[in-house]
Structures are given as C-alpha cells and as structure tokens.
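As provided, start-v8.pdb (PDB, C-alpha atoms and all ligand atoms) reads as follows.
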ATOM      1  CA  MET A  27      11.016  12.413   4.288  1.00  0.00           C
ATOM      2  CA  ASN A  28       7.922  10.264   4.895  1.00  0.00           C
ATOM      3  CA  ILE A  29       5.374   9.639   2.181  1.00  0.00           C
ATOM      4  CA  ILE A  30       2.252   7.578   1.595  1.00  0.00           C
ATOM      5  CA  LEU A  31       1.542   5.934  -1.759  1.00  0.00           C
ATOM      6  CA  LEU A  32      -2.224   5.833  -2.003  1.00  0.00           C
ATOM      7  CA  GLY A  33      -4.166   3.987  -4.670  1.00  0.00           C
ATOM      8  CA  PRO A  34      -6.279   0.950  -5.437  1.00  0.00           C
ATOM      9  CA  PRO A  35      -4.813  -2.556  -5.820  1.00  0.00           C
ATOM     10  CA  GLY A  36      -2.772  -2.787  -9.014  1.00  0.00           C
ATOM     11  CA  ALA A  37      -2.026   0.945  -9.170  1.00  0.00           C
ATOM     12  CA  GLY A  38       1.713   0.253  -9.031  1.00  0.00           C
ATOM     13  CA  LYS A  39       2.409   1.319  -5.428  1.00  0.00           C
ATOM     14  CA  GLY A  40       4.788  -1.564  -4.720  1.00  0.00           C
ATOM     15  CA  THR A  41       6.762  -1.033  -7.930  1.00  0.00           C
ATOM     16  CA  GLN A  42       7.244   2.668  -7.240  1.00  0.00           C
ATOM     17  CA  ALA A  43       8.060   2.057  -3.568  1.00  0.00           C
ATOM     18  CA  ARG A  44      10.899  -0.299  -4.565  1.00  0.00           C
ATOM     19  CA  ILE A  45      12.281   2.300  -6.986  1.00  0.00           C
ATOM     20  CA  LEU A  46      12.224   4.960  -4.242  1.00  0.00           C
ATOM     21  CA  GLU A  47      14.069   2.555  -1.932  1.00  0.00           C
ATOM     22  CA  GLU A  48      16.798   1.992  -4.499  1.00  0.00           C
ATOM     23  CA  LYS A  49      17.223   5.603  -5.550  1.00  0.00           C
ATOM     24  CA  ARG A  50      16.657   7.485  -2.314  1.00  0.00           C
ATOM     25  CA  GLY A  51      17.587   5.160   0.531  1.00  0.00           C
ATOM     26  CA  MET A  52      14.054   5.292   1.860  1.00  0.00           C
ATOM     27  CA  VAL A  53      12.429   2.208   3.389  1.00  0.00           C
ATOM     28  CA  GLN A  54       9.200   0.670   2.061  1.00  0.00           C
ATOM     29  CA  LEU A  55       6.714  -0.296   4.744  1.00  0.00           C
ATOM     30  CA  SER A  56       4.129  -2.541   3.089  1.00  0.00           C
ATOM     31  CA  THR A  57       1.598  -4.021   5.482  1.00  0.00           C
ATOM     32  CA  GLY A  58       0.586  -6.482   2.737  1.00  0.00           C
ATOM     33  CA  ASP A  59       4.177  -7.794   2.600  1.00  0.00           C
ATOM     34  CA  MET A  60       4.334  -7.969   6.415  1.00  0.00           C
ATOM     35  CA  LEU A  61       1.058  -9.919   6.575  1.00  0.00           C
ATOM     36  CA  ARG A  62       2.211 -12.338   3.848  1.00  0.00           C
ATOM     37  CA  GLU A  63       5.446 -12.834   5.780  1.00  0.00           C
ATOM     38  CA  ALA A  64       3.456 -13.603   8.953  1.00  0.00           C
ATOM     39  CA  ARG A  65       1.511 -16.211   6.999  1.00  0.00           C
ATOM     40  CA  ARG A  66       4.646 -17.796   5.537  1.00  0.00           C
ATOM     41  CA  SER A  67       6.248 -18.099   8.953  1.00  0.00           C
ATOM     42  CA  GLY A  68       3.004 -19.497  10.332  1.00  0.00           C
ATOM     43  CA  THR A  69       2.502 -17.137  13.279  1.00  0.00           C
ATOM     44  CA  GLU A  70      -0.824 -17.156  15.108  1.00  0.00           C
ATOM     45  CA  MET A  71      -1.647 -13.760  13.625  1.00  0.00           C
ATOM     46  CA  GLY A  72      -0.693 -15.011  10.158  1.00  0.00           C
ATOM     47  CA  GLN A  73      -3.133 -17.882  10.446  1.00  0.00           C
ATOM     48  CA  LYS A  74      -5.840 -15.573  11.717  1.00  0.00           C
ATOM     49  CA  VAL A  75      -5.642 -13.220   8.721  1.00  0.00           C
ATOM     50  CA  ALA A  76      -5.169 -15.800   5.942  1.00  0.00           C
ATOM     51  CA  ALA A  77      -8.799 -16.312   4.930  1.00  0.00           C
ATOM     52  CA  ILE A  78      -9.587 -12.583   5.178  1.00  0.00           C
ATOM     53  CA  MET A  79      -6.675 -11.708   2.873  1.00  0.00           C
ATOM     54  CA  ASP A  80      -7.524 -14.408   0.337  1.00  0.00           C
ATOM     55  CA  ALA A  81     -11.086 -13.084   0.127  1.00  0.00           C
ATOM     56  CA  GLY A  82      -9.731  -9.577  -0.528  1.00  0.00           C
ATOM     57  CA  GLU A  83     -11.149  -8.025   2.646  1.00  0.00           C
ATOM     58  CA  LEU A  84      -9.288  -5.761   5.053  1.00  0.00           C
ATOM     59  CA  VAL A  85      -7.786  -7.143   8.267  1.00  0.00           C
ATOM     60  CA  THR A  86      -8.517  -5.228  11.460  1.00  0.00           C
ATOM     61  CA  ASP A  87      -6.888  -1.866  12.162  1.00  0.00           C
ATOM     62  CA  ASP A  88      -5.218  -3.005  15.398  1.00  0.00           C
ATOM     63  CA  ILE A  89      -3.231  -5.712  13.582  1.00  0.00           C
ATOM     64  CA  VAL A  90      -1.769  -3.458  10.879  1.00  0.00           C
ATOM     65  CA  ILE A  91      -1.226  -0.508  13.222  1.00  0.00           C
ATOM     66  CA  GLY A  92       0.745  -2.862  15.501  1.00  0.00           C
ATOM     67  CA  LEU A  93       2.886  -4.010  12.572  1.00  0.00           C
ATOM     68  CA  ILE A  94       3.663  -0.435  11.520  1.00  0.00           C
ATOM     69  CA  GLU A  95       4.388   0.697  15.074  1.00  0.00           C
ATOM     70  CA  GLU A  96       6.908  -2.101  15.514  1.00  0.00           C
ATOM     71  CA  LYS A  97       8.741  -1.124  12.304  1.00  0.00           C
ATOM     72  CA  LEU A  98       8.795   2.572  13.163  1.00  0.00           C
ATOM     73  CA  ASN A  99      10.310   1.704  16.535  1.00  0.00           C
ATOM     74  CA  THR A 100      13.000  -0.584  15.164  1.00  0.00           C
ATOM     75  CA  VAL A 101      13.942   0.493  11.627  1.00  0.00           C
ATOM     76  CA  ASP A 102      16.261   3.395  10.988  1.00  0.00           C
ATOM     77  CA  ALA A 103      15.704   5.075   7.629  1.00  0.00           C
ATOM     78  CA  MET A 104      16.182   8.231   5.574  1.00  0.00           C
ATOM     79  CA  GLY A 105      12.421   8.186   5.311  1.00  0.00           C
ATOM     80  CA  PHE A 106       9.522   5.798   5.040  1.00  0.00           C
ATOM     81  CA  ILE A 107       7.293   4.955   2.092  1.00  0.00           C
ATOM     82  CA  PHE A 108       3.962   3.729   3.408  1.00  0.00           C
ATOM     83  CA  ASP A 109       2.607   1.303   0.817  1.00  0.00           C
ATOM     84  CA  GLY A 110      -0.869  -0.140   1.359  1.00  0.00           C
ATOM     85  CA  PHE A 111      -1.114   1.603   4.738  1.00  0.00           C
ATOM     86  CA  PRO A 112      -3.130   3.459   5.930  1.00  0.00           C
ATOM     87  CA  ARG A 113      -6.260   1.964   4.366  1.00  0.00           C
ATOM     88  CA  THR A 114      -8.883   3.336   6.785  1.00  0.00           C
ATOM     89  CA  LEU A 115      -9.433   6.649   8.552  1.00  0.00           C
ATOM     90  CA  GLY A 116      -8.615   4.944  11.870  1.00  0.00           C
ATOM     91  CA  GLN A 117      -5.272   3.810  10.480  1.00  0.00           C
ATOM     92  CA  ALA A 118      -4.605   7.304   9.133  1.00  0.00           C
ATOM     93  CA  ASP A 119      -5.213   8.868  12.553  1.00  0.00           C
ATOM     94  CA  ALA A 120      -3.003   6.252  14.205  1.00  0.00           C
ATOM     95  CA  LEU A 121      -0.187   6.887  11.726  1.00  0.00           C
ATOM     96  CA  GLY A 122      -0.394  10.633  12.324  1.00  0.00           C
ATOM     97  CA  ALA A 123      -0.126  10.087  16.089  1.00  0.00           C
ATOM     98  CA  LEU A 124       2.786   7.637  15.744  1.00  0.00           C
ATOM     99  CA  LEU A 125       4.777   9.999  13.534  1.00  0.00           C
ATOM    100  CA  GLU A 126       4.031  12.933  15.808  1.00  0.00           C
ATOM    101  CA  SER A 127       5.282  10.999  18.823  1.00  0.00           C
ATOM    102  CA  MET A 128       8.574  10.545  16.927  1.00  0.00           C
ATOM    103  CA  GLY A 129       8.771  14.265  16.180  1.00  0.00           C
ATOM    104  CA  GLN A 130       8.034  13.571  12.509  1.00  0.00           C
ATOM    105  CA  GLY A 131       5.240  14.025  10.022  1.00  0.00           C
ATOM    106  CA  LEU A 132       4.170  13.291   6.479  1.00  0.00           C
ATOM    107  CA  ASN A 133       5.811  15.172   3.619  1.00  0.00           C
ATOM    108  CA  ALA A 134       3.363  14.069   0.939  1.00  0.00           C
ATOM    109  CA  VAL A 135       0.499  11.726   0.221  1.00  0.00           C
ATOM    110  CA  ILE A 136       0.820  10.657  -3.383  1.00  0.00           C
ATOM    111  CA  ALA A 137      -2.471   9.484  -4.856  1.00  0.00           C
ATOM    112  CA  MET A 138      -2.036   7.354  -7.961  1.00  0.00           C
ATOM    113  CA  GLU A 139      -4.771   7.904 -10.494  1.00  0.00           C
ATOM    114  CA  VAL A 140      -5.860   4.849 -12.499  1.00  0.00           C
ATOM    115  CA  ASN A 141      -9.064   3.381 -13.921  1.00  0.00           C
ATOM    116  CA  ASP A 142     -10.706   0.178 -12.756  1.00  0.00           C
ATOM    117  CA  ASP A 143     -10.486  -1.723 -16.054  1.00  0.00           C
ATOM    118  CA  ALA A 144      -6.741  -1.182 -16.182  1.00  0.00           C
ATOM    119  CA  LEU A 145      -6.457  -2.326 -12.559  1.00  0.00           C
ATOM    120  CA  VAL A 146      -8.197  -5.648 -12.990  1.00  0.00           C
ATOM    121  CA  ALA A 147      -6.150  -6.319 -16.138  1.00  0.00           C
ATOM    122  CA  ARG A 148      -2.907  -5.399 -14.358  1.00  0.00           C
ATOM    123  CA  VAL A 149      -3.557  -7.636 -11.366  1.00  0.00           C
ATOM    124  CA  LEU A 150      -4.576 -10.600 -13.548  1.00  0.00           C
ATOM    125  CA  ASN A 151      -1.493  -9.976 -15.679  1.00  0.00           C
ATOM    126  CA  ARG A 152       0.716  -9.986 -12.559  1.00  0.00           C
ATOM    127  CA  ALA A 153      -0.706 -13.422 -11.674  1.00  0.00           C
ATOM    128  CA  GLU A 154      -0.179 -14.692 -15.229  1.00  0.00           C
ATOM    129  CA  GLU A 155       3.445 -13.533 -15.310  1.00  0.00           C
ATOM    130  CA  ALA A 156       4.184 -15.167 -11.960  1.00  0.00           C
ATOM    131  CA  ARG A 157       2.576 -18.406 -13.123  1.00  0.00           C
ATOM    132  CA  ALA A 158       4.612 -18.408 -16.368  1.00  0.00           C
ATOM    133  CA  ALA A 159       7.825 -17.781 -14.403  1.00  0.00           C
ATOM    134  CA  GLY A 160       7.021 -20.639 -12.017  1.00  0.00           C
ATOM    135  CA  GLU A 161       6.775 -18.169  -9.114  1.00  0.00           C
ATOM    136  CA  PRO A 162       4.136 -18.294  -6.392  1.00  0.00           C
ATOM    137  CA  VAL A 163       0.901 -16.572  -7.384  1.00  0.00           C
ATOM    138  CA  ARG A 164      -0.841 -14.398  -4.779  1.00  0.00           C
ATOM    139  CA  ALA A 165      -3.990 -16.158  -3.619  1.00  0.00           C
ATOM    140  CA  ASP A 166      -5.896 -12.864  -3.849  1.00  0.00           C
ATOM    141  CA  ASP A 167      -4.868 -12.144  -7.469  1.00  0.00           C
ATOM    142  CA  ASN A 168      -7.995 -13.731  -8.958  1.00  0.00           C
ATOM    143  CA  GLU A 169     -11.007 -11.982 -10.459  1.00  0.00           C
ATOM    144  CA  GLU A 170     -13.364 -12.475  -7.504  1.00  0.00           C
ATOM    145  CA  SER A 171     -10.890 -11.266  -4.852  1.00  0.00           C
ATOM    146  CA  ILE A 172      -9.884  -8.318  -7.026  1.00  0.00           C
ATOM    147  CA  LYS A 173     -13.516  -7.183  -7.160  1.00  0.00           C
ATOM    148  CA  THR A 174     -13.746  -7.394  -3.366  1.00  0.00           C
ATOM    149  CA  ARG A 175     -10.426  -5.554  -2.998  1.00  0.00           C
ATOM    150  CA  LEU A 176     -11.682  -2.746  -5.252  1.00  0.00           C
ATOM    151  CA  LEU A 177     -14.922  -2.488  -3.265  1.00  0.00           C
ATOM    152  CA  GLU A 178     -12.983  -2.362   0.014  1.00  0.00           C
ATOM    153  CA  TYR A 179     -10.824   0.356  -1.504  1.00  0.00           C
ATOM    154  CA  TYR A 180     -13.782   2.530  -2.512  1.00  0.00           C
ATOM    155  CA  LYS A 181     -15.671   1.970   0.748  1.00  0.00           C
ATOM    156  CA  LYS A 182     -12.891   2.241   3.296  1.00  0.00           C
ATOM    157  CA  THR A 183      -9.734   3.669   1.723  1.00  0.00           C
ATOM    158  CA  SER A 184     -10.889   6.287  -0.781  1.00  0.00           C
ATOM    159  CA  PRO A 185     -12.184   8.562   2.055  1.00  0.00           C
ATOM    160  CA  LEU A 186      -8.493   9.103   2.847  1.00  0.00           C
ATOM    161  CA  ILE A 187      -8.285  11.186  -0.322  1.00  0.00           C
ATOM    162  CA  GLY A 188     -10.588  13.782   1.238  1.00  0.00           C
ATOM    163  CA  TYR A 189      -8.887  13.468   4.611  1.00  0.00           C
ATOM    164  CA  TYR A 190      -5.402  14.198   3.280  1.00  0.00           C
ATOM    165  CA  HIS A 191      -6.700  16.807   0.846  1.00  0.00           C
ATOM    166  CA  ALA A 192      -8.156  18.672   3.825  1.00  0.00           C
ATOM    167  CA  LYS A 193      -4.813  18.437   5.600  1.00  0.00           C
ATOM    168  CA  GLY A 194      -3.072  19.886   2.529  1.00  0.00           C
ATOM    169  CA  ASP A 195      -0.908  16.795   1.989  1.00  0.00           C
ATOM    170  CA  LEU A 196      -2.521  15.281  -1.122  1.00  0.00           C
ATOM    171  CA  VAL A 197      -0.882  15.279  -4.554  1.00  0.00           C
ATOM    172  CA  TRP A 198      -2.222  13.403  -7.590  1.00  0.00           C
ATOM    173  CA  VAL A 199       0.055  11.646 -10.056  1.00  0.00           C
ATOM    174  CA  PRO A 200      -1.162   9.849 -13.189  1.00  0.00           C
ATOM    175  CA  GLY A 201      -0.660   6.135 -12.500  1.00  0.00           C
ATOM    176  CA  LEU A 202      -1.376   4.816 -15.971  1.00  0.00           C
ATOM    177  CA  GLY A 203       1.890   5.722 -17.719  1.00  0.00           C
ATOM    178  CA  THR A 204       4.973   3.535 -18.014  1.00  0.00           C
ATOM    179  CA  ILE A 205       6.937   2.740 -14.854  1.00  0.00           C
ATOM    180  CA  ASP A 206       9.487   5.420 -15.841  1.00  0.00           C
ATOM    181  CA  GLU A 207       6.809   8.043 -16.444  1.00  0.00           C
ATOM    182  CA  VAL A 208       5.167   7.413 -13.084  1.00  0.00           C
ATOM    183  CA  GLU A 209       8.587   7.450 -11.411  1.00  0.00           C
ATOM    184  CA  ALA A 210       9.307  10.857 -12.997  1.00  0.00           C
ATOM    185  CA  ALA A 211       5.957  12.251 -11.867  1.00  0.00           C
ATOM    186  CA  ILE A 212       6.616  11.131  -8.283  1.00  0.00           C
ATOM    187  CA  ALA A 213      10.162  12.515  -8.383  1.00  0.00           C
ATOM    188  CA  ALA A 214       8.762  15.879  -9.511  1.00  0.00           C
ATOM    189  CA  VAL A 215       6.530  15.925  -6.427  1.00  0.00           C
ATOM    190  CA  LEU A 216       9.302  14.966  -4.024  1.00  0.00           C
ATOM    191  CA  ASP A 217      11.900  17.328  -5.484  1.00  0.00           C
ATOM    192  CA  GLY A 218       9.540  20.147  -6.391  1.00  0.00           C
TER     193      GLY A 218
HETATM  194  P1  LIG A 301      -1.596  -5.560  -0.463  1.00  0.00           P
HETATM  195  O1  LIG A 301      -0.354  -6.376  -0.642  1.00  0.00           O
HETATM  196  O2  LIG A 301      -1.296  -4.163   0.022  1.00  0.00           O
HETATM  197  O3  LIG A 301      -2.480  -5.570  -1.679  1.00  0.00           O
HETATM  198  O4  LIG A 301      -2.433  -6.246   0.718  1.00  0.00           O
HETATM  199  C1  LIG A 301      -2.912  -7.565   0.591  1.00  0.00           C
HETATM  200  C2  LIG A 301      -4.011  -7.808   1.622  1.00  0.00           C
HETATM  201  O5  LIG A 301      -3.487  -7.658   2.948  1.00  0.00           O
HETATM  202  C3  LIG A 301      -5.193  -6.844   1.571  1.00  0.00           C
HETATM  203  O6  LIG A 301      -6.174  -7.212   0.609  1.00  0.00           O
HETATM  204  C4  LIG A 301      -5.725  -6.967   3.001  1.00  0.00           C
HETATM  205  O7  LIG A 301      -6.408  -8.182   3.203  1.00  0.00           O
HETATM  206  C5  LIG A 301      -4.438  -7.033   3.797  1.00  0.00           C
HETATM  207  N1  LIG A 301      -3.927  -5.686   4.148  1.00  0.00           N
HETATM  208  C6  LIG A 301      -2.737  -5.123   3.751  1.00  0.00           C
HETATM  209  N2  LIG A 301      -2.584  -3.911   4.260  1.00  0.00           N
HETATM  210  C7  LIG A 301      -3.696  -3.654   5.001  1.00  0.00           C
HETATM  211  C8  LIG A 301      -4.145  -2.541   5.775  1.00  0.00           C
HETATM  212  N3  LIG A 301      -3.411  -1.417   5.881  1.00  0.00           N
HETATM  213  N4  LIG A 301      -5.345  -2.653   6.415  1.00  0.00           N
HETATM  214  C9  LIG A 301      -6.091  -3.764   6.323  1.00  0.00           C
HETATM  215  N5  LIG A 301      -5.744  -4.844   5.589  1.00  0.00           N
HETATM  216  C10 LIG A 301      -4.544  -4.795   4.948  1.00  0.00           C
END

Once you've parsed the file, please lay out its structure as structure tokens.
Ligand code: AMP
Amino acid sequence: MNIILLGPPGAGKGTQARILEEKRGMVQLSTGDMLREARRSGTEMGQKVAAIMDAGELVTDDIVIGLIEEKLNTVDAMGFIFDGFPRTLGQADALGALLESMGQGLNAVIAMEVNDDALVARVLNRAEEARAAGEPVRADDNEESIKTRLLEYYKKTSPLIGYYHAKGDLVWVPGLGTIDEVEAAIAAVLDG
C-alpha cells in the first residue's frame, strides 16, 4: 500500500507518518528529512539547498525526485508513506511514473484539512518545545519562513489537490483534531 500525506506545513504529516510506520510496517519517505540529513552530513547537494530551505522556498524538482528514486530502488517495504513529497505537479508526474515502472501505484492521497492560524501556531509551538527541551530548532520554524512556506504551499502544492481529485485518489481527513483522532480518521480511509 502506497499513500501520500498531503497538507501544508504544520498539518501533522510527519507525526501521522511515524504512527503508520509503527503500526503498519510501512516506511516514511520524507524529502524534508532527507534534505536535512544531506545538510548535516555536509554533502555538496546539502550545501546547495541550505539557504533555500531556511528561507522556506522549495528546492528544485530534480533534487527531490532523485532522492525519492534512490529510496524506491533500495528500500524494501510493506508500503510507502510519502510525506512532503510530491510538492509540485512535476514531482507528482514523476512519482506516478516511478511507481508504474515498479508495477505499483498509489492507494490513496490523504489531504489533511487545517486552517492557517492553527498552522502558524503549531509550527511556532514545535520550535518552542524543541528549544525548551534543549533540542535543535529547525531553522525554517520561524514566523517569516513559515509565511513563505505557506505561500509556496498554496502556489505550487495545492494544485495537487485538483490533480489527485481528478485521478480519483483524493480523500480528505480533518487535520485539526487530536493526534489520536487524526490517526483514527486515516485508519478509516486505509481500512475502509
Ligand atoms: P519539510 O520537512 O517537508 O517541511 O521540508 C522542509 C523544506 O525542505 C521545505 O520547506 C523545502 O525547502 C524542502 N523540501 C522538502 N521536500 C520538498 C519537495 N518535495 N520539493 C521541494 N522542496 C522540498
């Protein structure tokens, strides 16, 4: 089973992806995590994307498509949870082609419904909690970058809602409930 978690920054995609990993043996593929890892290990690509990520803008399609292709070719899983990918129509087409070449497809695209005020508060709260716990704070979890990330989402990623709706893959779940409530709503989609 392969699914996409689609939603703006702060919608809770990462949290739900980790729950699905634990409970269903699926594997989370987060391009954001892969890019942060590339930065930490100081690769050439990591250095190239650092300033773009900190500003809250999208990195180029070829970089993230390459990252996903490598994982699909090397990781064996009961199914993949695409988290933060695809974020553009070009990425969505590329993902469709990659899965098709593996004889697979998408089972569902789960769109998480949230409102912008809650998002900004959630992301700032995530930064505050990390700071209080003495953990590293994401450089893009500040008010200015969050605004850019939301704009990028509406300009470049939200068209995917129409794209997957037209393909018959789109399902909405309310993203504003508790973690357990959102988990239950996603489970109902996957098991329904
Ligand atoms: P995330 O952890 O998903 O919020 O991603 C953090 C940042 O990494 C984004 O703001 C982008 O700069 C970059 N990024 C992650 N995934 C993608 C993607 N699929 N396409 C373009 N940029 C991405």

Enumerate residues in contact with ligand LIG 301 (chain A): an atom-to-atom distance of at most 8 Å, counting only C-alpha atoms and all ligand atoms. Format the result as a PyMOL selection string. chain A and resi 35-36+56-59+61-62+75+78-87+90-91+109-114+117+166+175

Test item: the PyMOL selection byres (((chain A and resi 147) around 12) and not hetatm) resolved as a list of chain:residue names: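 That selection, the PyMOL selection byres (((chain A and resi 147) around 12) and not hetatm), comes back as A:Pro35, A:Gly36, A:Ala37, A:Val140, A:Asn141, A:Asp142, A:Asp143, A:Ala144, A:Leu145, A:Val146, A:Arg148, A:Val149, A:Leu150, A:Asn151, A:Arg152, A:Ala153, A:Glu154, A:Asp167, A:Asn168, A:Glu169, A:Ile172, A:Lys173.
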
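Relative to atom CA of Pro34 of chain A, atom CA of Tyr180 of chain A is found at 8.2 Å.
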
Minimum-distance residue to Trp198 of chain A, chosen among A:Val163, A:Val135, A:Leu176, A:Ile30 (using all atoms listed in the file):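 Residue with the minimum atom-to-atom distance to Trp198 of chain A: A:Val135.
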
One decimal, in Å: what's the spacing between atom CA of Ser184 of chain A and atom CA of Asn28 of chain A?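 Pair atom CA of Ser184 of chain A / atom CA of Asn28 of chain A returns 20.0 Å.
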
Please compute the atom CA of Thr183 of chain A-atom CA of Ala134 of chain A distance, one decimal, in Å.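 Going from atom CA of Thr183 of chain A over to atom CA of Ala134 of chain A covers 16.7 Å.
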
So that all listed atoms of segment 109-117 of chain A fit with 4 Å spare on each side, what axis-aligned box centre and edge lengths in Å, to one decimal, would you give as JSON?
{"center_x": -3.4, "center_y": 3.3, "center_z": 6.3, "size_x": 20.0, "size_y": 14.8, "size_z": 19.1}

Given the file above and the PyMOL selection byres (((chain A and resi 92-107) around 8) and not hetatm), which residues are selected, and can you give them as a ChimeraX atom specification? /A:27-31,43,50-55,57,60,88-91,108-109,124

If the PyMOL selection byres (((chain A and resi 187-194) around 10) and not hetatm) is run on the structure shown, which residues does it catch, given as a tab-separated table (two decimals) with C-alpha atoms, in the coordinates of the input?
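Writing the result to expr_27.tsv gives the following:
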chain	number	residue	atom	x	y	z
A	32	LEU	CA	-2.22	5.83	-2.00
A	33	GLY	CA	-4.17	3.99	-4.67
A	115	LEU	CA	-9.43	6.65	8.55
A	118	ALA	CA	-4.61	7.30	9.13
A	119	ASP	CA	-5.21	8.87	12.55
A	134	ALA	CA	3.36	14.07	0.94
A	135	VAL	CA	0.50	11.73	0.22
A	136	ILE	CA	0.82	10.66	-3.38
A	137	ALA	CA	-2.47	9.48	-4.86
A	183	THR	CA	-9.73	3.67	1.72
A	184	SER	CA	-10.89	6.29	-0.78
A	185	PRO	CA	-12.18	8.56	2.06
A	186	LEU	CA	-8.49	9.10	2.85
A	195	ASP	CA	-0.91	16.80	1.99
A	196	LEU	CA	-2.52	15.28	-1.12
A	197	VAL	CA	-0.88	15.28	-4.55
A	198	TRP	CA	-2.22	13.40	-7.59

Name the residues in contact with Gln73 of chain A at a cut-off of 10 Å, using only C-alpha atoms, excluding same-chain residues fewer than 6 positions from it; report them as a PDB file with C-alpha atoms, in the coordinates of the input.
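Saved file out00.pdb follows:
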ATOM      1  CA  LEU A  61       1.058  -9.919   6.575  1.00  0.00           C
ATOM      2  CA  ALA A  64       3.456 -13.603   8.953  1.00  0.00           C
ATOM      3  CA  ARG A  65       1.511 -16.211   6.999  1.00  0.00           C
ATOM      4  CA  ARG A  66       4.646 -17.796   5.537  1.00  0.00           C
ATOM      5  CA  SER A  67       6.248 -18.099   8.953  1.00  0.00           C
TER       6      SER A  67
END

So, counting all atoms listed in the file, which residue among A:Pro162, A:Gly116, A:Gly201, A:Gly129 is closest to Thr41 of chain A?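 Result for the nearest residue to Thr41 of chain A: A:Gly201.
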